[in-house]
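Structure record follows, encoded as structure tokens.
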Amino acid sequence: MEPLNFFDCNCSFGMRSVKYPGSFSSLEGLIKNMNNYGIKKALVYHSLAREYDMATGNKTLMREISDYPFLYPVWVVMHHHTGEFPAPDLLKMQLKENNVKAVRIFPSILEHWYSISEWNCGELFNMLEACKIPLIVGFDQITWDELYNLCMHHPELIVILSDVNYRINRNLYTLLKKLPNLYVETSGYKCFDGISDLCKIFGAHRLIFGTGMPVLSGAAAVSMINYAKISDKEKQMIAAENLEKLIGGIRYD
Amino acid sequence: MIDFAGKVKRGLPIDDILIIDNHCHLGLWAAFHGPKETAEDMLINMDVLGIDMACISAHAAIGPDYIYGNNLVIETVKKYPERFIGYVTVNPNYPEDIKTEIERSFKVPQMKGIKVHPGFHKCPLDHKNYHQAYEEANERGCTVLMHTWGIDTVFAADRIASMYPKANFIMGHAGGNDIRVMEKAAEVANKHNNLYIDLALSYAFQGNVEWFVREIGSKKVLFGSDMPFYDASFTLGRVALAEISDSEKEDIFGLNMKRLLNI
């Protein structure tokens with residue numbers, strides 16, 4: 001097998017409240033580690049947008065990655081009802097102007113603390129769905145029922161469930177069967193032979209490579225794909241092609 | 001020089017060094033679904049990665065039935081003596097049988113260690129009943145793989161290691177998912193010649209392998225995957241691609257565990 005050219009959908013940089021020894025926070029650190037692991041491109045968000053203020057972090061992101069064409073912006077977003085964040089029409093313009101390739105939400109009670117129910121986020125999700133902008137949301141951010149309702153209410157919305165773990169099959173398999181717009185980011189899916197089983201049952205097109213860097217190990221993430229007992233074609237799909245296809249479908253007009 | 005990165009990037013087995021996985025299990029598990037779980041499934045994974053030997057305890061034994069589980073391990077190591085080494089699991093809730101179960105199991109040559117799981121058996125790691133097992137380990141000079149999860153287990157490992165200097169103790173999971181607990185695990189590992197950590201982590205933090213090697217040295221760090229909970233590629237890649245020397249990788253992958261097992 002020739003080395004895969006990975007495209008990471010789940011990484012960030014910037015100062016954060018908790019930095020573990022051995023990890024990094026700088027953009028240079030991210031790029032260095034991408035090179036070490038054979039990651040050629042990445043969808044990246046700024047930790048300030050997650051841990052401080054979305055607008056500040058998104059703006060900082062655009063400034064800091066501007067010299068790196070292999071890094072694509074991911075904005076952290078929220079609903080507009082408090083006035084903290086733009087309404088969907090304005091947000092759509094901003095996303096387009098900045099060529100944003102995906103958005104993330106952090107609605108858990110420990111982070112941005114809001115409901116993703118339709119009465120709160122319906123307009124936001126309608127816009128993302130219409131534009132086919134992938135929405136990345138962590139497994140630690142929402143409940144299974146919220147995920148089910150989100151994907152059912154917005155069947156054209158591309159939802160990438162990130163930061164999963166290895167214990168989730170009894171719910172995940174059901175949702176992958178029922179929700180064709182649901183995708184799984186691979187970094188936390190270390191279930192024994194799990195990737196090959198998902199490929200066999202649901203198809204490699206449902207898996208999107210991610211690392212979780214700089215918090216989680218990029219080395220672990222690439223190794224799971226490199227050694228998965230699936231075809232080289234399936235590995236290429238997971239490593240990069242699936243994500244290329246999803247972001248290639250974004251339609252701002 | 002071994003081309004670790006080249007092999008990982010091409011999905012090739014790392015078959016030019018000794019790799020012993022110190023922390024594996026075997027069999028079904030009640031709390032969640034895994035697609036594969038047999039010894040034969042594990043052998044396929046081991047061959048793909050280049051893992052020579054795996055040290056196993058049974059899920060059934062760290063769960064409800066240590067006799068059923070230990071028998072499963074004994075059958076497996078007898079069937080594949082070149083590939084598997086067994087831990088006999090003891091359950092402190094059945095104290096009357098701890099010594100006899102160890103004696104029964106150690107009659108099989110490939111049964112070489114003791115496994116304790118204070119989490120699932122809901123008993124403190126230094127509970128008096130566990131000390132029967134530690135005394136046996138001390139007399140036999142064998143290795144005990146301890147499930148360490150949380151600061152209390154790390155403090156307990158510190159005390160136990162000092163009480164039984166002829167036994168070796170592995171802090172499985174290096175204290176758990178909390179980096180501050182891992183820091184304490186590193187600190188106590190440095191205090192005792194017979195206390196080690198393994199890398200079977202649920203949350204594999206970026207740079208974690210390099211950090212452990214800096215803190216306690218490569219001689220005290222063991223490769224462990226937690227297969228068949230986890231796919232062993234997860235931890236293998238963390239070591240193979242770590243920014244440490246080749247000799248340090250060889251220590252972690254196999255030489256340390258070879259020494260502990262006297263093989």
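Naming scheme: A, B, ... for chains in displayed order of the structure tokens; residues 1 onward per chain; ligands 1 onward as shown.
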| message | Using only C-alpha atoms and a distance of at most 8 Å, pull out the residues of chain A that contact chain B, as a PyMOL selection string. | response | chain A and resi 1-4+20-23+36-38+166-170+188+190-194+197+213-224+226-227
| Secondary structure check, strand (DSSP E) residues of range 16-202 of chain A, as a ChimeraX atom specification | /A:39-46,71-76,102-105,135-138,159-162,182-185
| If you count only C-alpha atoms, which residues fall within 8 Å of range 105-122 of chain A, apart from same-chain ones fewer than 2 positions away, as a VMD selection string? | chain A and resid 50 to 51 76 to 79 81 103 124 to 126 135 to 138 140 to 142 146 150
Output N, CA and C atoms for every residue in that selection, as a compact mmCIF listing (two decimals), in the first residue's frame.
```txt
# COMPACT_ATOMS: atom_id res chain seq x y z
N ARG A 50 -13.97 28.01 20.50
CA ARG A 50 -14.63 27.02 21.36
C ARG A 50 -14.64 27.46 22.82
N GLU A 51 -13.53 28.00 23.28
CA GLU A 51 -13.37 28.19 24.72
C GLU A 51 -13.53 29.65 25.18
N VAL A 76 -16.86 27.81 14.37
CA VAL A 76 -17.75 27.41 15.46
C VAL A 76 -18.96 28.34 15.41
N VAL A 77 -20.15 27.76 15.42
CA VAL A 77 -21.36 28.56 15.24
C VAL A 77 -22.38 28.25 16.34
N MET A 78 -23.45 29.09 16.31
CA MET A 78 -24.53 28.95 17.28
C MET A 78 -25.77 29.59 16.67
N HIS A 79 -26.90 29.43 17.32
CA HIS A 79 -28.11 30.12 16.87
C HIS A 79 -27.98 31.63 17.13
N HIS A 81 -30.45 33.83 18.42
CA HIS A 81 -31.55 34.45 19.15
C HIS A 81 -31.14 35.41 20.26
N VAL A 103 -18.86 23.63 9.68
CA VAL A 103 -19.05 24.33 10.95
C VAL A 103 -19.13 23.30 12.07
N LEU A 124 -30.91 27.90 11.90
CA LEU A 124 -29.49 27.67 11.60
C LEU A 124 -29.31 26.38 10.79
N PHE A 125 -29.94 25.32 11.25
CA PHE A 125 -29.77 24.04 10.57
C PHE A 125 -30.41 24.06 9.18
N ASN A 126 -31.51 24.81 9.03
CA ASN A 126 -32.13 24.93 7.69
C ASN A 126 -31.14 25.54 6.70
N LEU A 135 -21.93 19.80 9.11
CA LEU A 135 -21.99 20.16 10.52
C LEU A 135 -21.25 19.08 11.30
N ILE A 136 -20.22 19.48 12.05
CA ILE A 136 -19.46 18.55 12.87
C ILE A 136 -19.87 18.75 14.32
N VAL A 137 -20.26 17.67 14.96
CA VAL A 137 -20.66 17.77 16.36
C VAL A 137 -20.09 16.57 17.12
N GLY A 138 -19.54 16.86 18.29
CA GLY A 138 -18.91 15.82 19.08
C GLY A 138 -19.92 14.94 19.79
N ASP A 140 -19.65 13.97 22.65
CA ASP A 140 -19.77 14.46 24.03
C ASP A 140 -20.67 15.69 24.12
N GLN A 141 -21.19 16.15 22.99
CA GLN A 141 -21.96 17.39 22.97
C GLN A 141 -23.46 17.19 22.94
N ILE A 142 -23.93 16.08 22.46
CA ILE A 142 -25.37 15.87 22.29
C ILE A 142 -25.74 14.45 22.72
N GLU A 146 -31.07 13.56 20.58
CA GLU A 146 -30.85 14.84 19.88
C GLU A 146 -30.25 14.59 18.50
N LEU A 150 -32.10 15.60 15.09
CA LEU A 150 -31.40 16.53 14.18
C LEU A 150 -31.37 15.96 12.76
```
Sort by chain and increasing residue number a table of all residues of range 77-155 of chain B within 8 Å of range 64-73 of chain B, each with its closest pair of atoms and their distance in Å to one decimal, counting only C-alpha atoms, and write it as CSV.
```
residue,atom,partner,partner_atom,distance
B:Val77,CA,B:Val73,CA,6.2
B:Gly86,CA,B:Val73,CA,6.1
B:Tyr87,CA,B:Val73,CA,7.7
B:Val88,CA,B:Asn70,CA,5.9
B:Thr89,CA,B:Tyr66,CA,6.3
B:Val90,CA,B:Tyr66,CA,6.6
B:Asn91,CA,B:Tyr66,CA,6.8
B:Glu101,CA,B:Ile67,CA,7.9
B:Ser105,CA,B:Asn70,CA,7.6
```
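Across B:Ala200, B:Ala133, B:Met182, B:Cys123, the tightest approach to Glu215 in chain B is made by B:Met182 when counting only C-alpha atoms.
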With a distance cut-off of 9 Å and only C-alpha atoms, select the neighbouring residues of Asp163 in chain A, excluding the residue or stretch itself and same-chain residues fewer than 5 positions from it, and output the selection as a PDB file with C-alpha atoms, in the first residue's frame.
```
ATOM      1  CA  ASN A  10     -11.113  17.158  13.390  1.00  0.00           C
ATOM      2  CA  VAL A 137     -20.657  17.765  16.363  1.00  0.00           C
ATOM      3  CA  GLY A 138     -18.906  15.819  19.080  1.00  0.00           C
ATOM      4  CA  PHE A 139     -20.377  12.742  20.682  1.00  0.00           C
ATOM      5  CA  ASP A 140     -19.772  14.463  24.025  1.00  0.00           C
ATOM      6  CA  VAL A 184     -18.700   9.086  11.740  1.00  0.00           C
ATOM      7  CA  GLU A 185     -15.325  10.698  12.387  1.00  0.00           C
ATOM      8  CA  THR A 186     -12.832   7.952  13.117  1.00  0.00           C
ATOM      9  CA  SER A 187     -10.341   9.178  15.742  1.00  0.00           C
ATOM     10  CA  GLY A 188     -12.095   7.757  18.785  1.00  0.00           C
ATOM     11  CA  TYR A 189     -13.516   4.687  17.111  1.00  0.00           C
ATOM     12  CA  GLY A 210     -10.077  12.840  11.933  1.00  0.00           C
ATOM     13  CA  THR A 211      -7.444  13.043  14.655  1.00  0.00           C
ATOM     14  CA  GLY A 212      -8.647  15.157  17.563  1.00  0.00           C
TER      15      GLY A 212
END
```
| request: Quick one: pull the distance between CA of Lys220 in chain B and CA of Ala228 in chain A, Å, one decimal. | output: 29.3 Å
| field | Shortest interatomic distance to Pro134 in chain A - which of A:Asn181, A:Asn165, A:Thr82, A:Thr56, counting only C-alpha atoms | value |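 The closest residue to Pro134 in chain A is A:Asn181.
The space between CA of Ile225 in chain A and CA of Ala49 in chain A spans 29.2 Å.
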| Of the residues B:Ala30, B:Met163, B:Ile56, B:Ile151, which is the one nearest to Lys115 in chain B, using only C-alpha atoms? | B:Ile56
| request: For CA of Ile252 in chain B and CA of Leu222 in chain B, determine how far apart the two atoms are, in Å to one decimal place. | output: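 Distance reported for this atom pair: 4.8 Å.
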| task | Tell me, as JSON, numbers by chain, which residues lie within 8 Å of Tyr148 in chain A, counting only C-alpha atoms; anything in the same chain fewer than 4 positions away does not count. | result | {"A": [144, 152, 175, 179]}
